[in-house]
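The file entry.pdb comes next; it holds PDB, C-alpha atoms.
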ATOM      1  CA  MET A   1      83.245 -87.389  49.194
ATOM      2  CA  ASN A   2      80.828 -90.278  49.538
ATOM      3  CA  SER A   3      77.856 -89.595  47.262
ATOM      4  CA  ASP A   4      75.647 -91.899  49.347
ATOM      5  CA  SER A   5      75.882 -89.885  52.575
ATOM      6  CA  ASP A   6      72.776 -89.581  54.738
ATOM      7  CA  LEU A   7      72.423 -85.885  53.975
ATOM      8  CA  GLN A   8      72.580 -86.343  50.218
ATOM      9  CA  ILE A   9      70.054 -89.161  50.375
ATOM     10  CA  ALA A  10      67.651 -87.479  52.795
ATOM     11  CA  GLY A  11      68.142 -83.928  51.544
ATOM     12  CA  ASP A  12      66.941 -82.319  54.793
ATOM     13  CA  ILE A  13      68.918 -82.520  58.039
ATOM     14  CA  LEU A  14      65.683 -82.171  60.030
ATOM     15  CA  GLU A  15      64.474 -85.458  58.519
ATOM     16  CA  VAL A  16      67.583 -87.406  59.543
ATOM     17  CA  THR A  17      66.602 -87.848  63.180
ATOM     18  CA  HIS A  18      69.473 -90.202  64.071
ATOM     19  CA  LEU A  19      71.939 -87.374  63.260
ATOM     20  CA  LEU A  20      70.291 -84.929  65.654
ATOM     21  CA  GLN A  21      71.946 -84.748  69.042
ATOM     22  CA  THR A  22      70.074 -85.145  72.294
ATOM     23  CA  PRO A  23      69.481 -81.594  73.509
ATOM     24  CA  ARG A  24      71.612 -80.260  76.348
ATOM     25  CA  GLU A  25      69.926 -78.415  79.181
ATOM     26  CA  HIS A  26      70.676 -75.179  77.330
ATOM     27  CA  PRO A  27      71.125 -75.592  73.575
ATOM     28  CA  ALA A  28      73.740 -73.641  71.648
ATOM     29  CA  THR A  29      73.559 -74.879  68.043
ATOM     30  CA  VAL A  30      70.781 -75.030  65.438
ATOM     31  CA  ALA A  31      70.658 -78.832  65.779
ATOM     32  CA  GLU A  32      70.333 -78.533  69.561
ATOM     33  CA  PHE A  33      67.515 -75.969  69.280
ATOM     34  CA  VAL A  34      65.737 -78.298  66.842
ATOM     35  CA  GLY A  35      66.307 -81.132  69.327
ATOM     36  CA  LEU A  36      64.871 -79.035  72.168
ATOM     37  CA  ALA A  37      61.771 -78.259  70.112
ATOM     38  CA  ARG A  38      61.339 -81.934  69.179
ATOM     39  CA  SER A  39      61.727 -83.136  72.758
ATOM     40  CA  LEU A  40      59.154 -80.601  73.985
ATOM     41  CA  ALA A  41      56.793 -81.573  71.160
ATOM     42  CA  GLU A  42      57.047 -85.241  72.092
ATOM     43  CA  ASP A  43      56.423 -84.626  75.815
ATOM     44  CA  ARG A  44      52.840 -83.343  75.777
ATOM     45  CA  SER A  45      52.797 -83.241  79.590
ATOM     46  CA  GLN A  46      55.046 -80.167  79.440
ATOM     47  CA  TRP A  47      52.651 -78.056  77.378
ATOM     48  CA  GLU A  48      49.246 -79.591  76.660
ATOM     49  CA  HIS A  49      47.644 -78.498  79.966
ATOM     50  CA  LEU A  50      48.716 -74.882  79.314
ATOM     51  CA  VAL A  51      47.058 -74.441  75.909
ATOM     52  CA  ARG A  52      44.164 -71.988  75.704
ATOM     53  CA  TYR A  53      42.143 -70.923  72.684
ATOM     54  CA  ASP A  54      41.097 -67.293  72.326
ATOM     55  CA  ALA A  55      38.655 -66.347  69.589
ATOM     56  CA  ALA A  56      39.623 -62.651  69.821
ATOM     57  CA  SER A  57      43.395 -62.959  69.345
ATOM     58  CA  ARG A  58      46.202 -65.469  69.110
ATOM     59  CA  TRP A  59      46.981 -66.949  72.489
ATOM     60  CA  TYR A  60      50.615 -67.298  73.532
ATOM     61  CA  HIS A  61      52.546 -68.373  76.608
ATOM     62  CA  ARG A  62      56.283 -68.263  77.292
ATOM     63  CA  LEU A  63      57.021 -71.877  78.129
ATOM     64  CA  ARG A  64      60.723 -71.689  78.932
ATOM     65  CA  THR A  65      63.735 -69.405  78.921
ATOM     66  CA  GLY A  66      67.429 -70.142  78.985
ATOM     67  CA  PRO A  67      70.662 -68.288  78.427
ATOM     68  CA  GLY A  68      69.767 -66.082  75.463
ATOM     69  CA  TYR A  69      66.734 -68.037  74.210
ATOM     70  CA  GLU A  70      62.979 -68.303  74.732
ATOM     71  CA  VAL A  71      60.407 -70.985  73.981
ATOM     72  CA  TRP A  72      56.837 -69.870  73.237
ATOM     73  CA  LEU A  73      53.647 -71.893  72.961
ATOM     74  CA  LEU A  74      50.961 -70.464  70.616
ATOM     75  CA  SER A  75      47.432 -71.506  69.723
ATOM     76  CA  TRP A  76      45.606 -70.641  66.531
ATOM     77  CA  VAL A  77      41.852 -70.931  66.070
ATOM     78  CA  PRO A  78      40.621 -71.112  62.478
ATOM     79  CA  GLY A  79      41.245 -67.841  60.664
ATOM     80  CA  GLN A  80      43.869 -66.459  63.057
ATOM     81  CA  GLY A  81      47.212 -65.394  61.667
ATOM     82  CA  SER A  82      50.386 -63.575  62.569
ATOM     83  CA  GLY A  83      50.478 -61.057  59.750
ATOM     84  CA  LEU A  84      53.566 -60.782  57.567
ATOM     85  CA  HIS A  85      56.564 -60.260  59.861
ATOM     86  CA  ASP A  86      60.163 -61.071  60.670
ATOM     87  CA  HIS A  87      61.830 -61.677  64.037
ATOM     88  CA  GLY A  88      64.412 -58.902  64.067
ATOM     89  CA  PRO A  89      67.818 -60.241  65.121
ATOM     90  CA  SER A  90      66.422 -63.584  66.304
ATOM     91  CA  SER A  91      66.729 -66.970  64.614
ATOM     92  CA  GLY A  92      64.034 -69.502  65.262
ATOM     93  CA  VAL A  93      62.561 -72.963  65.102
ATOM     94  CA  LEU A  94      58.821 -73.295  64.460
ATOM     95  CA  THR A  95      57.299 -76.686  65.335
ATOM     96  CA  VAL A  96      53.651 -77.567  64.788
ATOM     97  CA  LEU A  97      52.340 -79.542  67.752
ATOM     98  CA  ASP A  98      48.677 -80.039  66.808
ATOM     99  CA  GLY A  99      46.590 -79.249  63.754
ATOM    100  CA  THR A 100      47.806 -77.507  60.610
ATOM    101  CA  VAL A 101      49.062 -73.977  59.987
ATOM    102  CA  THR A 102      49.969 -72.376  56.686
ATOM    103  CA  GLU A 103      53.238 -70.513  56.206
ATOM    104  CA  ARG A 104      53.353 -67.863  53.483
ATOM    105  CA  THR A 105      56.564 -66.317  52.191
ATOM    106  CA  GLU A 106      57.526 -64.501  49.017
ATOM    107  CA  ARG A 107      58.520 -67.926  47.642
ATOM    108  CA  GLY A 108      55.089 -69.443  48.151
ATOM    109  CA  THR A 109      52.852 -71.227  50.610
ATOM    110  CA  ARG A 110      53.239 -74.471  52.503
ATOM    111  CA  ALA A 111      50.957 -76.369  54.863
ATOM    112  CA  LEU A 112      52.694 -77.388  58.076
ATOM    113  CA  ARG A 113      51.014 -80.286  59.865
ATOM    114  CA  ALA A 114      51.693 -81.652  63.353
ATOM    115  CA  GLY A 115      55.357 -82.657  63.537
ATOM    116  CA  ALA A 116      56.549 -80.270  60.820
ATOM    117  CA  GLN A 117      59.414 -77.927  61.652
ATOM    118  CA  ARG A 118      60.813 -74.789  60.034
ATOM    119  CA  VAL A 119      64.180 -73.245  60.908
ATOM    120  CA  PHE A 120      64.780 -69.614  60.026
ATOM    121  CA  ALA A 121      67.503 -66.987  60.312
ATOM    122  CA  PRO A 122      67.238 -63.323  61.311
ATOM    123  CA  GLY A 123      65.338 -61.275  58.746
ATOM    124  CA  TYR A 124      63.247 -64.226  57.481
ATOM    125  CA  VAL A 125      59.870 -62.756  56.469
ATOM    126  CA  HIS A 126      56.798 -64.947  56.714
ATOM    127  CA  GLU A 127      53.177 -65.113  57.762
ATOM    128  CA  VAL A 128      51.670 -67.993  59.710
ATOM    129  CA  VAL A 129      47.906 -68.509  59.585
ATOM    130  CA  ASN A 130      45.416 -71.209  60.498
ATOM    131  CA  ASP A 131      43.531 -71.816  57.247
ATOM    132  CA  ALA A 132      42.140 -75.115  58.544
ATOM    133  CA  LEU A 133      38.798 -75.812  60.193
ATOM    134  CA  GLU A 134      40.348 -77.079  63.452
ATOM    135  CA  PRO A 135      42.496 -75.251  66.039
ATOM    136  CA  ALA A 136      46.274 -75.597  65.872
ATOM    137  CA  VAL A 137      49.109 -75.349  68.396
ATOM    138  CA  SER A 138      52.721 -74.456  67.654
ATOM    139  CA  LEU A 139      55.992 -74.142  69.544
ATOM    140  CA  HIS A 140      58.497 -71.382  68.732
ATOM    141  CA  VAL A 141      62.116 -71.262  69.903
ATOM    142  CA  TYR A 142      63.921 -67.937  69.431
ATOM    143  CA  TYR A 143      67.638 -67.215  69.821
ATOM    144  CA  PRO A 144      68.366 -64.649  70.976
ATOM    145  CA  GLY A 145      65.064 -64.185  72.777
ATOM    146  CA  LEU A 146      62.427 -62.364  70.754
ATOM    147  CA  THR A 147      62.788 -58.593  71.235
ATOM    148  CA  GLU A 148      61.021 -57.359  68.113
ATOM    149  CA  MET A 149      58.647 -58.546  65.428
ATOM    150  CA  PRO A 150      58.580 -55.956  62.629
ATOM    151  CA  MET A 151      55.459 -56.186  60.480
ATOM    152  CA  HIS A 152      55.671 -56.072  56.669
ATOM    153  CA  THR A 153      53.356 -55.358  53.804
ATOM    154  CA  ALA A 154      54.238 -57.074  50.572
ATOM    155  CA  PRO A 155      51.846 -57.611  47.685
ATOM    156  CA  HIS A 156      54.324 -60.135  46.214
ATOM    157  CA  CYS A 157      53.568 -62.635  49.009
ATOM    158  CA  GLU A 158      50.580 -64.074  47.224
ATOM    159  CA  ALA A 159      49.448 -67.540  48.183
ATOM    160  CA  ARG A 160      50.816 -70.150  45.817
ATOM    161  CA  THR A 161      52.038 -73.684  46.306
ATOM    162  CA  MET A 162      55.717 -74.076  47.117
ATOM    163  CA  PRO A 163      57.371 -76.949  45.191
ATOM    164  CA  GLY A 164      58.460 -79.757  47.486
ATOM    165  CA  ALA A 165      56.416 -78.405  50.384
ATOM    166  CA  LEU A 166      56.805 -80.316  53.627
ATOM    167  CA  THR A 167      53.558 -81.892  54.684
ATOM    168  CA  ALA A 168      54.710 -83.880  57.698
TER     169      ALA A 168
END
What would the structure in this file look like if it were written as C-alpha coordinates?
Amino acid sequence: MNSDSDLQIAGDILEVTHLLQTPREHPATVAEFVGLARSLAEDRSQWEHLVRYDAASRWYHRLRTGPGYEVWLLSWVPGQGSGLHDHGPSSGVLTVLDGTVTERTERGTRALRAGAQRVFAPGYVHEVVNDALEPAVSLHVYYPGLTEMPMHTAPHCEARTMPGALTA
(Lines of atoms letter the chains of each structure in order from A and count residues from 1; the text may use other names and numbers.)
(Lines give C-alpha, C1' and ligand atoms only; values in the text may rest on other atoms or scores of the structure.)
Protein backbone atom coordinates (compact mmCIF):
# COMPACT_ATOMS: atom_id res chain seq x y z
CA MET A 1 0.00 0.00 0.00
CA ASN A 2 1.24 3.47 -0.83
CA SER A 3 2.14 5.21 2.43
CA ASP A 4 1.71 8.63 0.80
CA SER A 5 -1.99 8.24 0.00
CA ASP A 6 -4.25 11.27 0.40
CA LEU A 7 -6.05 9.72 3.35
CA GLN A 8 -2.88 8.94 5.26
CA ILE A 9 -1.55 12.43 4.64
CA ALA A 10 -4.79 14.28 5.40
CA GLY A 11 -6.01 11.96 8.15
CA ASP A 12 -9.67 13.00 7.77
CA ILE A 13 -11.75 12.12 4.71
CA LEU A 14 -13.93 15.20 5.31
CA GLU A 15 -10.86 17.39 4.76
CA VAL A 16 -9.99 15.83 1.39
CA THR A 17 -12.61 17.70 -0.61
CA HIS A 18 -11.42 16.50 -4.03
CA LEU A 19 -12.26 12.91 -2.98
CA LEU A 20 -15.85 13.75 -2.09
CA GLN A 21 -18.33 13.01 -4.84
CA THR A 22 -20.81 15.54 -6.14
CA PRO A 23 -24.06 14.71 -4.36
CA ARG A 24 -26.78 12.90 -6.29
CA GLU A 25 -30.34 14.16 -6.03
CA HIS A 26 -30.87 11.62 -3.24
CA PRO A 27 -27.69 10.57 -1.45
CA ALA A 28 -27.10 7.00 -0.34
CA THR A 29 -23.59 6.90 1.16
CA VAL A 30 -21.88 8.77 4.01
CA ALA A 31 -19.76 10.69 1.48
CA GLU A 32 -22.87 11.69 -0.47
CA PHE A 33 -24.66 12.88 2.69
CA VAL A 34 -21.57 14.92 3.58
CA GLY A 35 -21.59 16.29 0.02
CA LEU A 36 -25.28 17.21 0.31
CA ALA A 37 -24.62 19.06 3.57
CA ARG A 38 -21.64 20.89 2.04
CA SER A 39 -23.56 21.92 -1.07
CA LEU A 40 -26.44 23.26 1.03
CA ALA A 41 -23.99 25.09 3.29
CA GLU A 42 -22.35 26.76 0.31
CA ASP A 43 -25.66 27.85 -1.26
CA ARG A 44 -26.92 30.35 1.32
CA SER A 45 -29.90 31.20 -0.90
CA GLN A 46 -31.43 27.83 0.01
CA TRP A 47 -31.51 28.46 3.76
CA GLU A 48 -30.45 31.93 4.90
CA HIS A 49 -33.88 33.56 4.37
CA LEU A 50 -35.53 30.84 6.50
CA VAL A 51 -33.43 31.30 9.65
CA ARG A 52 -35.22 32.63 12.73
CA TYR A 53 -33.86 33.21 16.22
CA ASP A 54 -36.02 32.37 19.23
CA ALA A 55 -34.86 33.43 22.67
CA ALA A 56 -37.25 30.96 24.37
CA SER A 57 -36.18 27.75 22.62
CA ARG A 58 -34.04 26.42 19.82
CA TRP A 59 -35.57 27.19 16.46
CA TYR A 60 -35.66 24.45 13.83
CA HIS A 61 -37.07 23.97 10.34
CA ARG A 62 -37.16 20.86 8.17
CA LEU A 63 -35.41 22.06 5.03
CA ARG A 64 -35.64 18.96 2.85
CA THR A 65 -36.67 15.33 2.81
CA GLY A 66 -35.76 12.50 0.50
CA PRO A 67 -36.07 8.74 0.42
CA GLY A 68 -35.33 7.84 4.03
CA TYR A 69 -33.54 11.06 5.05
CA GLU A 70 -34.28 14.53 6.41
CA VAL A 71 -32.35 17.80 6.45
CA TRP A 72 -32.97 20.20 9.35
CA LEU A 73 -31.91 23.80 9.81
CA LEU A 74 -31.39 24.94 13.44
CA SER A 75 -30.52 28.25 15.06
CA TRP A 76 -28.88 28.71 18.43
CA VAL A 77 -28.85 31.97 20.37
CA PRO A 78 -26.16 32.30 23.04
CA GLY A 79 -26.76 29.86 25.88
CA GLN A 80 -29.11 27.51 24.01
CA GLY A 81 -28.27 23.84 23.88
CA SER A 82 -29.69 20.48 22.92
CA GLY A 83 -29.12 18.61 26.16
CA LEU A 84 -27.21 15.34 26.14
CA HIS A 85 -28.89 13.04 23.61
CA ASP A 86 -28.51 10.49 20.84
CA HIS A 87 -30.47 10.09 17.61
CA GLY A 88 -31.90 6.61 18.06
CA PRO A 89 -31.40 4.52 14.92
CA SER A 90 -30.37 7.51 12.79
CA SER A 91 -26.90 8.41 11.54
CA GLY A 92 -26.16 12.03 10.88
CA VAL A 93 -24.04 14.84 9.53
CA LEU A 94 -23.84 18.07 11.55
CA THR A 95 -22.57 21.12 9.64
CA VAL A 96 -22.09 24.54 11.21
CA LEU A 97 -23.27 27.23 8.81
CA ASP A 98 -22.73 30.40 10.87
CA GLY A 99 -21.18 31.15 14.24
CA THR A 100 -19.72 28.60 16.64
CA VAL A 101 -21.31 25.77 18.61
CA THR A 102 -19.69 23.52 21.17
CA GLU A 103 -20.06 19.74 21.03
CA ARG A 104 -19.64 17.82 24.28
CA THR A 105 -19.21 14.06 24.46
CA GLU A 106 -17.80 11.69 27.05
CA ARG A 107 -14.45 12.08 25.25
CA GLY A 108 -14.34 15.84 25.67
CA THR A 109 -15.39 19.14 24.16
CA ARG A 110 -14.73 20.71 20.79
CA ALA A 111 -15.64 24.07 19.29
CA LEU A 112 -17.21 23.76 15.85
CA ARG A 113 -16.97 26.93 13.78
CA ALA A 114 -18.67 27.76 10.48
CA GLY A 115 -17.68 25.10 7.94
CA ALA A 116 -16.96 22.38 10.50
CA GLN A 117 -18.69 19.03 10.06
CA ARG A 118 -19.26 16.03 12.32
CA VAL A 119 -20.45 12.62 11.10
CA PHE A 120 -21.99 10.26 13.62
CA ALA A 121 -23.50 6.78 13.76
CA PRO A 122 -26.62 5.57 15.58
CA GLY A 123 -26.21 5.69 19.35
CA TYR A 124 -23.66 8.55 19.29
CA VAL A 125 -24.28 10.56 22.48
CA HIS A 126 -23.49 14.26 22.46
CA GLU A 127 -24.67 17.69 23.50
CA VAL A 128 -24.54 20.74 21.25
CA VAL A 129 -24.62 24.19 22.85
CA ASN A 130 -23.95 27.77 21.82
CA ASP A 131 -21.34 28.93 24.34
CA ALA A 132 -20.42 31.92 22.17
CA LEU A 133 -21.69 35.49 22.37
CA GLU A 134 -23.17 35.47 18.84
CA PRO A 135 -26.01 33.37 17.37
CA ALA A 136 -25.15 30.24 15.40
CA VAL A 137 -26.85 28.25 12.63
CA SER A 138 -26.37 24.57 11.87
CA LEU A 139 -27.57 22.04 9.32
CA HIS A 140 -28.36 18.44 10.32
CA VAL A 141 -28.84 15.53 7.91
CA TYR A 142 -30.34 12.36 9.39
CA TYR A 143 -30.59 8.91 7.79
CA PRO A 144 -33.00 7.38 8.34
CA GLY A 145 -35.11 10.42 9.15
CA LEU A 146 -35.07 11.40 12.81
CA THR A 147 -37.78 9.48 14.71
CA GLU A 148 -36.42 9.74 18.24
CA MET A 149 -33.94 11.72 20.29
CA PRO A 150 -33.45 9.96 23.64
CA MET A 151 -32.08 12.27 26.33
CA HIS A 152 -29.22 11.18 28.60
CA THR A 153 -27.80 12.20 31.92
CA ALA A 154 -24.13 11.49 32.37
CA PRO A 155 -21.91 13.14 34.96
CA HIS A 156 -18.86 11.83 33.05
CA CYS A 157 -19.51 14.25 30.16
CA GLU A 158 -17.64 17.07 31.81
CA ALA A 159 -16.33 19.84 29.61
CA ARG A 160 -12.69 19.32 28.74
CA THR A 161 -10.66 19.98 25.63
CA MET A 162 -10.54 17.18 23.09
CA PRO A 163 -7.03 16.63 21.65
CA GLY A 164 -6.86 17.49 17.96
CA ALA A 165 -10.20 19.29 18.06
CA LEU A 166 -11.41 20.55 14.70
CA THR A 167 -11.66 24.30 14.67
CA ALA A 168 -12.54 24.90 11.03
Practice item. Quick one: residues within 8 Å of (58.3, -56.5, 62.0) (file frame), counting all atoms listed in the file, please, as a list in words. Key: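 Within 8 Å of (58.3, -56.5, 62.0), the protein and nucleic acid residues are Leu84, His85, Asp86, His87, Gly88, Glu148, Met149, Pro150, Met151 and His152 of chain A.
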Exercise for review: Using all atoms listed in the file, find the one residue out of A:Arg38, A:Ser45, A:Val141, A:Glu134 that sits nearest to A:Val93.
Suggested key: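 Comparing A:Arg38, A:Ser45, A:Val141, A:Glu134 against A:Val93, the winner is A:Val141.
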Exercise for review: Could you tell me which residues the PyMOL selection byres ((chain A and resi 58) around 6) grabs in this file, written as a VMD selection string?
Suggested key: chain A and resid 57 59 76
Check your understanding: To one decimal place, how far is atom CA of A:His61 from atom CA of A:His140 in Å?
Key ->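 Atom CA of A:His140 lies 10.3 Å from atom CA of A:His61.
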Review point. Pick the closest to A:Tyr69 from A:Ser91, A:Leu133, A:Thr153, A:Val101: which is it, counting only C-alpha atoms?
Key: A:Ser91
**Study point:** For atom CA of A:His49 and atom CA of A:Ser90, the interatomic separation in Å (one decimal)
**Key:**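 About the pair atom CA of A:His49 and atom CA of A:Ser90: they are 27.6 Å apart.
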Check your understanding: atom CA of A:Val30 and atom CA of A:Pro144 are how many Å apart?
Key -> 12.0 Å
Practice item. On this file, the PyMOL selection byres ((chain A and resi 100) around 7) gives some set of residues; write that set as a PyMOL selection string. Key: chain A and resi 98-99+101-102+111-114+130+132+136
Practice item. Convert the output of the PyMOL selection byres ((chain A and resi 72) around 6) on the shown file into explicit residues, formatted as a list of chain:residue names. Key: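 So the PyMOL selection byres ((chain A and resi 72) around 6) ends up selecting A:His61, A:Arg62, A:Leu63, A:Val71, A:Leu73, A:Leu139, A:His140.
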**Study point:** Which of A:Thr109, A:Leu74, A:His126, A:Tyr142 sits closest to A:Leu36 [using all atoms listed in the file]
**Key:** A:Tyr142
Review point. Which of these, A:Leu146, A:Leu97, A:Val137, A:Ala121, has the shortest distance to A:Asp43 once you count all atoms listed in the file?
Key: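 Looking at the shortest contact to A:Asp43, the residue is A:Leu97.
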Exercise for review: Rank nothing, just name the residue among A:Gly79, A:Asp131, A:Val34, A:Arg110 nearest to A:Leu94, using only C-alpha atoms.
Suggested key: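 Using only C-alpha atoms, A:Leu94 sits closest to A:Val34.
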Review point. Closest to A:Glu32 among A:Gly92, A:Gly81, A:Gly115, A:Gly145, using all atoms listed in the file?
Key: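 Checking each candidate against A:Glu32, we get A:Gly92 as the closest.
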Kindly reconstruct stretch 103-114 of chain A with N, CA and C atoms and present the result as an mmCIF file, in the coordinates of the input.
data_model
loop_
_atom_site.group_PDB
_atom_site.id
_atom_site.type_symbol
_atom_site.label_atom_id
_atom_site.label_comp_id
_atom_site.auth_asym_id
_atom_site.auth_seq_id
_atom_site.Cartn_x
_atom_site.Cartn_y
_atom_site.Cartn_z
ATOM 1 N N GLU A 103 52.182 -71.516 56.213
ATOM 2 C CA GLU A 103 53.238 -70.513 56.206
ATOM 3 C C GLU A 103 53.304 -69.913 54.814
ATOM 4 N N ARG A 104 53.248 -68.578 54.757
ATOM 5 C CA ARG A 104 53.353 -67.863 53.483
ATOM 6 C C ARG A 104 54.628 -67.034 53.489
ATOM 7 N N THR A 105 55.372 -67.132 52.390
ATOM 8 C CA THR A 105 56.564 -66.317 52.191
ATOM 9 C C THR A 105 56.512 -65.788 50.769
ATOM 10 N N GLU A 106 57.495 -64.992 50.391
ATOM 11 C CA GLU A 106 57.526 -64.501 49.017
ATOM 12 C C GLU A 106 57.772 -65.636 48.034
ATOM 13 N N ARG A 107 58.276 -66.766 48.509
ATOM 14 C CA ARG A 107 58.520 -67.926 47.642
ATOM 15 C C ARG A 107 57.295 -68.805 47.463
ATOM 16 N N GLY A 108 56.275 -68.616 48.299
ATOM 17 C CA GLY A 108 55.089 -69.443 48.151
ATOM 18 C C GLY A 108 54.452 -69.777 49.479
ATOM 19 N N THR A 109 53.651 -70.821 49.456
ATOM 20 C CA THR A 109 52.852 -71.227 50.610
ATOM 21 C C THR A 109 53.063 -72.702 50.876
ATOM 22 N N ARG A 110 53.139 -73.057 52.158
ATOM 23 C CA ARG A 110 53.239 -74.471 52.503
ATOM 24 C C ARG A 110 52.397 -74.763 53.736
ATOM 25 N N ALA A 111 51.725 -75.903 53.708
ATOM 26 C CA ALA A 111 50.957 -76.369 54.863
ATOM 27 C C ALA A 111 51.910 -77.103 55.796
ATOM 28 N N LEU A 112 51.855 -76.750 57.066
ATOM 29 C CA LEU A 112 52.694 -77.388 58.076
ATOM 30 C C LEU A 112 51.780 -78.135 59.035
ATOM 31 N N ARG A 113 51.858 -79.450 59.010
ATOM 32 C CA ARG A 113 51.014 -80.286 59.865
ATOM 33 C C ARG A 113 51.773 -80.672 61.132
ATOM 34 N N ALA A 114 51.070 -81.242 62.087
ATOM 35 C CA ALA A 114 51.693 -81.652 63.353
ATOM 36 C C ALA A 114 52.973 -82.441 63.068
#
